[in-house]
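K.L.:
Structure file final.cif, mmCIF, C-alpha atoms, is pasted below:
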```cif
data_coords
#
loop_
_atom_site.label_atom_id
_atom_site.label_comp_id
_atom_site.auth_asym_id
_atom_site.auth_seq_id
_atom_site.Cartn_x
_atom_site.Cartn_y
_atom_site.Cartn_z
CA MET G 1 6.31 7.54 -6.96
CA PRO G 2 9.61 7.03 -5.17
CA GLU G 3 8.10 5.30 -2.12
CA GLU G 4 8.15 1.54 -1.84
CA ASN G 5 4.70 0.01 -2.17
CA ILE G 6 4.32 -1.71 1.19
CA SER G 7 0.59 -1.11 1.82
CA GLY G 8 0.95 -0.19 5.46
CA VAL G 9 -1.68 -0.75 8.13
CA VAL G 10 -3.81 2.31 9.00
CA LEU G 11 -4.86 2.49 12.67
CA THR G 12 -7.35 5.24 13.45
CA PHE G 13 -8.31 6.44 16.93
CA PHE G 14 -11.87 7.70 17.10
CA SER G 15 -14.39 8.67 19.75
CA THR G 16 -17.69 10.50 20.14
CA ALA G 17 -16.60 12.24 23.36
CA SER G 18 -13.72 14.56 24.11
CA SER G 19 -10.99 13.96 26.71
CA VAL G 20 -11.12 10.17 26.47
CA GLY G 21 -7.38 9.77 25.84
CA LYS G 22 -7.18 9.39 22.05
CA THR G 23 -4.01 11.42 21.71
CA LEU G 24 -2.29 9.82 24.69
CA ILE G 25 -3.03 6.30 23.45
CA SER G 26 -2.20 7.04 19.80
CA VAL G 27 1.14 8.61 20.80
CA ASN G 28 2.00 5.56 22.88
CA MET G 29 0.86 3.20 20.14
CA ALA G 30 3.20 4.94 17.69
CA SER G 31 6.04 4.88 20.23
CA GLU G 32 5.74 1.19 21.06
CA LEU G 33 5.40 0.10 17.44
CA ALA G 34 8.49 2.14 16.58
CA ARG G 35 10.33 0.63 19.54
CA GLN G 36 9.54 -2.81 18.18
CA GLY G 37 11.24 -1.88 14.91
CA TYR G 38 8.29 -0.96 12.70
CA ARG G 39 8.29 2.07 10.43
CA VAL G 40 5.64 4.34 11.90
CA CYS G 41 4.00 7.66 11.06
CA LEU G 42 1.52 9.42 13.36
CA ALA G 43 -0.87 11.84 11.64
CA ASP G 44 -2.64 14.48 13.73
CA TYR G 45 -5.98 14.83 11.97
CA ASP G 46 -7.55 17.03 14.60
CA LEU G 47 -6.92 19.86 12.18
CA GLN G 48 -8.19 22.69 14.38
CA PHE G 49 -6.97 21.72 17.85
CA GLY G 50 -4.51 18.88 17.41
CA ASP G 51 -2.18 18.27 20.33
CA VAL G 52 0.26 15.59 19.18
CA CYS G 53 3.20 18.01 18.94
CA ASN G 54 2.42 19.36 22.41
CA TYR G 55 2.32 15.85 23.86
CA LEU G 56 5.69 15.05 22.30
CA LYS G 57 7.26 18.48 22.88
CA LEU G 58 8.00 18.71 19.17
CA PRO G 59 8.91 22.10 17.67
CA PHE G 60 6.49 23.24 14.99
CA GLU G 61 8.09 22.98 11.55
CA ARG G 62 5.73 21.91 8.77
CA SER G 63 2.09 21.01 9.17
CA ILE G 64 -0.25 18.91 7.08
CA LYS G 65 -1.06 22.08 5.11
CA ASP G 66 2.59 22.46 4.06
CA ILE G 67 2.85 18.76 3.24
CA VAL G 68 -0.22 18.64 1.00
CA ASP G 69 0.96 21.83 -0.73
CA VAL G 70 4.18 20.01 -1.65
CA MET G 71 2.14 17.06 -2.96
CA LYS G 72 0.11 19.40 -5.16
CA ARG G 73 3.15 21.18 -6.57
CA ASN G 74 5.04 17.96 -7.22
CA PRO G 75 3.04 14.70 -6.96
CA ASP G 76 6.24 12.67 -7.26
CA ALA G 77 8.15 14.51 -4.53
CA SER G 78 9.44 12.48 -1.60
CA LEU G 79 7.47 13.28 1.54
CA LYS G 80 9.96 11.97 4.08
CA GLU G 81 11.82 15.26 4.44
CA GLN G 82 8.55 17.13 4.89
CA LEU G 83 7.60 15.22 8.03
CA THR G 84 8.60 15.98 11.61
CA THR G 85 10.58 13.24 13.36
CA TYR G 86 10.20 12.41 17.03
CA ARG G 87 13.28 10.82 18.61
CA TYR G 88 13.83 9.44 22.06
CA GLY G 89 16.99 7.48 22.54
CA THR G 90 17.23 4.89 19.78
CA VAL G 91 13.52 5.07 18.92
CA SER G 92 12.05 7.36 16.29
CA PHE G 93 8.88 7.81 14.28
CA ASP G 94 7.53 10.50 11.97
CA VAL G 95 4.68 12.91 12.64
CA VAL G 96 2.25 14.86 10.47
CA PRO G 97 1.44 17.88 12.68
CA SER G 98 -1.90 19.65 12.59
CA PRO G 99 -1.84 23.28 11.39
CA GLU G 100 -0.64 25.88 13.84
CA PRO G 101 -2.54 28.86 12.38
CA LEU G 102 -6.20 27.95 12.83
CA GLU G 103 -7.13 29.29 9.40
CA ASP G 104 -4.91 26.67 7.74
CA ALA G 105 -7.28 23.97 8.99
CA TYR G 106 -9.89 25.28 6.57
CA ASN G 107 -7.48 25.12 3.64
CA VAL G 108 -6.91 21.36 3.80
CA SER G 109 -9.60 19.36 2.03
CA VAL G 110 -10.85 15.90 2.88
CA GLU G 111 -9.48 14.71 -0.45
CA ASP G 112 -6.05 16.13 0.46
CA CYS G 113 -6.13 14.20 3.74
CA LYS G 114 -7.10 10.98 2.02
CA LYS G 115 -4.36 11.28 -0.58
CA LEU G 116 -1.78 11.91 2.13
CA ILE G 117 -2.76 8.77 4.04
CA GLU G 118 -2.57 6.75 0.82
CA ARG G 119 0.93 8.06 0.22
CA LEU G 120 2.03 7.42 3.80
CA ARG G 121 0.90 3.81 3.74
CA LEU G 122 3.33 3.29 0.85
CA MET G 123 6.16 4.45 3.12
CA TYR G 124 5.36 3.00 6.54
CA ASP G 125 4.40 -0.27 8.16
CA TYR G 126 1.88 1.55 10.37
CA VAL G 127 0.11 4.87 9.86
CA ILE G 128 -1.67 6.01 13.02
CA VAL G 129 -4.39 8.65 12.73
CA ASP G 130 -5.55 10.72 15.70
CA THR G 131 -8.96 12.27 15.00
CA THR G 132 -11.51 14.66 16.46
CA SER G 133 -14.51 13.48 18.45
CA MET G 134 -17.28 13.77 15.89
CA PHE G 135 -18.75 12.19 12.78
CA SER G 136 -17.26 14.74 10.40
CA VAL G 137 -16.78 14.13 6.69
CA LEU G 138 -13.04 13.84 7.31
CA ASN G 139 -13.46 11.32 10.12
CA LEU G 140 -15.84 9.20 8.06
CA ALA G 141 -13.29 9.20 5.24
CA MET G 142 -10.62 8.04 7.72
CA LEU G 143 -12.87 5.27 9.02
CA ASP G 144 -13.29 4.06 5.45
CA LEU G 145 -9.52 4.07 4.79
CA SER G 146 -8.57 2.42 8.07
CA THR G 147 -7.49 -1.14 8.58
CA ILE G 148 -8.52 -0.99 12.24
CA VAL G 149 -10.51 1.69 14.07
CA THR G 150 -10.03 1.97 17.82
CA PHE G 151 -13.29 3.41 19.12
CA LEU G 152 -12.18 4.75 22.49
CA GLY G 153 -14.60 5.39 25.36
CA VAL G 154 -14.66 6.08 29.07
CA VAL G 155 -17.23 5.26 31.72
CA ASP G 156 -17.51 8.41 33.79
CA PHE G 157 -20.66 10.44 33.10
CA ILE G 158 -24.06 9.56 31.64
CA PRO G 159 -23.70 12.00 28.68
CA THR G 160 -20.37 10.39 27.74
CA ILE G 161 -21.96 6.93 27.76
CA LYS G 162 -24.91 8.22 25.75
CA ASN G 163 -22.55 9.61 23.11
CA MET G 164 -20.62 6.34 23.07
CA LYS G 165 -23.80 4.33 22.45
CA MET G 166 -25.00 6.70 19.72
CA GLY G 167 -21.59 6.57 18.09
CA ASN G 168 -21.37 2.80 18.31
CA ASP G 169 -24.86 2.40 16.86
CA THR G 170 -23.95 4.76 14.02
CA VAL G 171 -20.74 2.88 13.23
CA LYS G 172 -22.74 -0.36 13.01
CA THR G 173 -24.92 1.17 10.29
CA LEU G 174 -21.82 1.70 8.15
CA ASN G 175 -21.60 -2.07 7.67
CA TYR G 176 -17.88 -2.39 8.28
CA ASP G 177 -16.35 -5.79 8.84
CA THR G 178 -16.90 -6.78 12.47
CA ASN G 179 -13.15 -7.06 13.05
CA LYS G 180 -12.49 -3.51 11.85
CA ILE G 181 -14.03 -1.60 14.76
CA ARG G 182 -12.42 -2.31 18.15
CA LEU G 183 -14.32 -0.87 21.12
CA VAL G 184 -11.73 -0.03 23.78
CA LEU G 185 -12.47 1.24 27.28
CA ASN G 186 -10.00 3.69 28.78
CA ARG G 187 -9.60 4.59 32.48
CA SER G 188 -11.58 1.51 33.48
CA ASP G 189 -11.01 1.78 37.22
CA ALA G 190 -11.63 5.50 37.56
CA LYS G 191 -13.84 6.39 40.50
CA THR G 192 -17.39 6.09 39.20
CA ARG G 193 -20.68 4.61 40.28
CA ILE G 194 -21.38 3.36 36.77
CA SER G 195 -20.87 -0.36 36.22
CA MET G 196 -18.90 -1.47 33.18
CA ASP G 197 -21.24 -4.46 32.88
CA ASP G 198 -24.20 -2.10 32.64
CA VAL G 199 -22.44 -0.12 29.92
CA GLU G 200 -21.70 -3.27 27.92
CA ARG G 201 -25.35 -4.30 28.15
CA LEU G 202 -26.37 -0.86 26.95
CA LEU G 203 -23.93 -1.04 24.02
CA GLY G 204 -25.01 -4.55 23.16
CA GLN G 205 -21.43 -5.81 23.07
CA GLY G 206 -18.36 -6.20 25.24
CA PHE G 207 -15.22 -4.10 25.07
CA TYR G 208 -12.44 -5.47 22.88
CA HIS G 209 -9.84 -4.31 25.37
CA VAL G 210 -9.78 -2.46 28.69
CA LEU G 211 -7.09 0.05 29.66
CA PRO G 212 -6.60 0.93 33.33
CA ASN G 213 -6.75 4.36 34.88
CA ASP G 214 -3.28 5.75 35.66
CA PHE G 215 -3.71 9.50 35.93
CA GLN G 216 -0.34 10.17 37.56
CA SER G 217 1.71 8.33 34.93
CA ALA G 218 -0.33 9.80 32.08
CA SER G 219 0.07 13.34 33.43
CA GLU G 220 3.82 12.92 33.88
CA SER G 221 4.10 11.63 30.33
CA ILE G 222 2.34 14.71 28.96
CA VAL G 223 4.43 17.13 31.02
CA THR G 224 7.77 15.55 30.08
CA GLY G 225 6.95 14.75 26.47
CA VAL G 226 8.12 11.17 26.97
CA PRO G 227 5.50 8.53 26.01
CA LEU G 228 4.78 5.89 28.63
CA ALA G 229 5.92 3.21 26.19
CA LEU G 230 9.41 4.74 26.11
CA SER G 231 9.77 5.85 29.71
CA GLY G 232 11.10 2.52 30.95
CA SER G 233 8.35 2.55 33.57
CA ASP G 234 6.57 -0.59 34.70
CA ASN G 235 3.25 1.23 35.14
CA VAL G 236 0.14 -0.77 34.38
CA LEU G 237 -1.13 1.55 31.64
CA ALA G 238 2.05 1.12 29.56
CA LYS G 239 1.84 -2.64 30.01
CA GLU G 240 -1.78 -2.78 28.85
CA ILE G 241 -1.04 -0.59 25.85
CA ARG G 242 1.64 -3.11 24.88
CA VAL G 243 -0.87 -5.94 25.29
CA LEU G 244 -3.32 -4.09 23.04
CA ILE G 245 -0.60 -3.63 20.42
CA SER G 246 0.25 -7.32 20.56
CA ARG G 247 -3.40 -8.09 19.80
CA TYR G 248 -3.26 -5.75 16.79
CA THR G 249 0.05 -7.06 15.45
CA ASN G 250 -0.35 -10.73 16.44
CA ARG G 251 3.12 -10.41 17.88
CA VAL G 252 3.69 -11.41 21.50
CA TYR G 253 5.29 -8.61 23.50
CA LYS G 254 8.75 -9.38 24.86
CA GLU G 255 10.61 -6.98 27.10
CA ASN G 256 14.11 -6.17 25.90
CA ALA G 257 16.46 -6.66 28.84
CA ASP G 258 18.67 -3.80 27.65
CA PHE G 259 15.76 -1.52 26.77
CA LYS G 260 15.79 0.77 29.83
CA GLN G 261 19.56 1.18 29.90
CA THR G 262 19.76 1.94 26.17
CA ILE G 263 16.90 4.42 26.26
CA TYR G 264 18.15 6.26 29.32
CA GLN G 265 21.79 6.50 28.20
CA SER G 266 21.04 7.88 24.75
CA ALA G 267 18.10 10.10 25.72
CA ASN G 268 19.32 11.62 28.96
CA THR G 269 21.15 14.59 27.44
CA GLU G 270 18.72 15.29 24.62
CA TYR G 271 15.64 15.46 26.83
CA SER G 272 17.00 16.89 30.08
CA GLY G 273 15.67 20.32 29.15
CA LYS G 274 12.28 19.12 28.01
CA ARG G 275 11.52 17.52 31.34
CA GLN G 276 11.54 20.97 32.90
CA SER G 277 8.71 22.13 30.64
CA GLY G 278 5.67 23.62 32.31
CA TRP G 279 2.24 22.10 32.50
CA LEU G 280 0.24 25.20 31.64
CA SER G 281 0.01 24.42 27.92
CA LYS G 282 -1.77 21.15 28.75
CA LEU G 283 -4.67 22.71 30.64
CA PHE G 284 -6.71 23.31 27.53
CA HIS G 285 -6.55 19.81 25.98
#
```
Can the structure from this file be put into structure tokens for me?

P.N.:
Amino acid sequence: MPEENISGVVLTFFSTASSVGKTLISVNMASELARQGYRVCLADYDLQFGDVCNYLKLPFERSIKDIVDVMKRNPDASLKEQLTTYRYGTVSFDVVPSPEPLEDAYNVSVEDCKKLIERLRLMYDYVIVDTTSMFSVLNLAMLDLSTIVTFLGVVDFIPTIKNMKMGNDTVKTLNYDTNKIRLVLNRSDAKTRISMDDVERLLGQGFYHVLPNDFQSASESIVTGVPLALSGSDNVLAKEIRVLISRYTNRVYKENADFKQTIYQSANTEYSGKRQSGWLSKLFH
């Protein structure tokens, strides 16, 4: 194969409840890692209802179905030109979009998805996988392949917490290394009567990391297609995402003094139209 064998790190975002922020956090993880100079690919493995391209305002070109078809026709073909590239200013990373026609989701096998991740880790320092919220055969295969699994949860409603506990208990039965599964709480200070301490007692363990609630910044990021990590904003959610990344990479985060100026100067023209995009397409995520 033409790719360099670099054995990249696979970071998978998983949950047992919907609307917990997997896509938002995975998009920002990819953005920040790319900003730090790593080679990054973000794979949207919510094959039926993936939203990565919507979050990034990326035009639909080739989906995972098209990419695996190329792999089947020519196993030695370079995949780089088949991927969709997201660019903002001087930062870029590649994306594997989910299928646009729903029927294509049923024509991509679990084995196809596994082979694609194995190929991508030969090309990138980090491969980030955004998944659906269930214990599907595909998701279990991704958990097996992953270097680190971010099990994302929120503390809002009793059913959500119940699903989180059931999911956490199930993951424990898979006998993964204790350092592989990272339980991360999102929207920690959202208005709720449920105590985080009570949830940790119920789960039988503490959260690896806690991300704050910042609905306004998150919503603006989705509407504009500009990840929080690249917006130049000092919002607390972006800062905590960077702290989480530093824990994953063992690399202390350092703000680049020229970062905001560089990003804004080079991205202003390219993204001026995208910032006028409507919010209607986001209502169904």

K.L.:
Nearest residue to G:Val236 out of G:Ser221, G:Gly206, G:Asp214, G:Arg251, using only C-alpha atoms?

P.N.:
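Checking each of G:Ser221, G:Gly206, G:Asp214, G:Arg251 against G:Val236, counting only C-alpha atoms, the winner is G:Asp214.
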
K.L.:
If you measure from atom CA of G:Val137 to atom CA of G:Lys114, what distance in Å do you get, rounded to one decimal?

P.N.:
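Computing the Euclidean distance for atom CA of G:Val137 and atom CA of G:Lys114 yields 11.2 Å.
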
K.L.:
Go through G:Glu100, G:Asp112, G:Ser133, G:Val226 and flag the residue nearest G:Thr160, using all atoms listed in the file for the distances.

P.N.:
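Smallest separation from G:Thr160 among the options: G:Ser133.
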
K.L.:
Excluding G:Met196 and residues on its chain fewer than 5 positions from it, collect all residues at most 12 Å away from it, counting only C-alpha atoms, and give them as a list in words.

P.N.:
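Contacts, in chain order: Gly153, Val154, Val155, Asp156, Ile161, Val184, Leu185, Asn186, Arg187, Ser188, Asp189, Ala190, Lys191, Arg201, Leu202, Leu203, Gln205, Gly206, Phe207 and Val210 of chain G.
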
K.L.:
Evaluate the PyMOL selection byres ((chain G and resi 229) around 6) and record the selected residues as a list of chain:residue names, following the chain and residue labels used in the document.

P.N.:
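What the PyMOL selection byres ((chain G and resi 229) around 6) grabs from the file is G:Asn28, G:Glu32, G:Pro227, G:Leu228, G:Leu230, G:Ser231, G:Ala238.
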
K.L.:
Please, what distance in Å, to one decimal, runs between atom CA of G:Lys80 and atom CA of G:Phe151?

P.N.:
29.0 Å

K.L.:
Which residues come within 8 Å of G:Tyr38, counting all atoms listed in the file, excluding same-chain residues fewer than 5 positions away, as a list in words?

P.N.:
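Here the answer would be Leu33, Tyr124, Asp125 and Tyr126 of chain G.
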
K.L.:
Can you spit out the residues from that selection as a tab-separated table (two decimals), in the frame of the given file, using C-alpha atoms?

P.N.:
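So the final result, stored in part-v2.tsv, reads:
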```
chain	number	residue	atom	x	y	z
G	33	LEU	CA	5.40	0.10	17.44
G	124	TYR	CA	5.36	3.00	6.54
G	125	ASP	CA	4.40	-0.27	8.16
G	126	TYR	CA	1.88	1.55	10.37
```

K.L.:
Do you know which residues are at most 8 Å from G:Ile222 counting all atoms listed in the file, after dropping those on the same chain fewer than 2 positions away, and could you put them as a list of chain:residue names?

P.N.:
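So, after excluding close chain neighbours, the residues are G:Leu24, G:Tyr55, G:Leu56, G:Ala218, G:Ser219, G:Glu220, G:Thr224, G:Gly225, G:Val226, G:Pro227, G:Lys282.
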
K.L.:
For the atom pair atom CA of G:Thr170 and atom CA of G:Val110, what is the interatomic distance in Å to one decimal place?

P.N.:
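So the two atoms, atom CA of G:Thr170 and atom CA of G:Val110, lie 20.5 Å apart.
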
K.L.:
Go through G:Asp104, G:Asp234, G:Asp177, G:Asp169 one by one, measure the shortest atom-to-atom distance of each to G:Val68 using all atoms listed in the file, and give the residue with the smallest value.

P.N.:
G:Asp104

K.L.:
If we count only C-alpha atoms, what is near G:Thr132 at a cut-off of 8 Å, once residues fewer than 3 positions away on the same chain are taken out, given as a PyMOL selection string?

P.N.:
chain G and resi 14-15+18+45-46+139
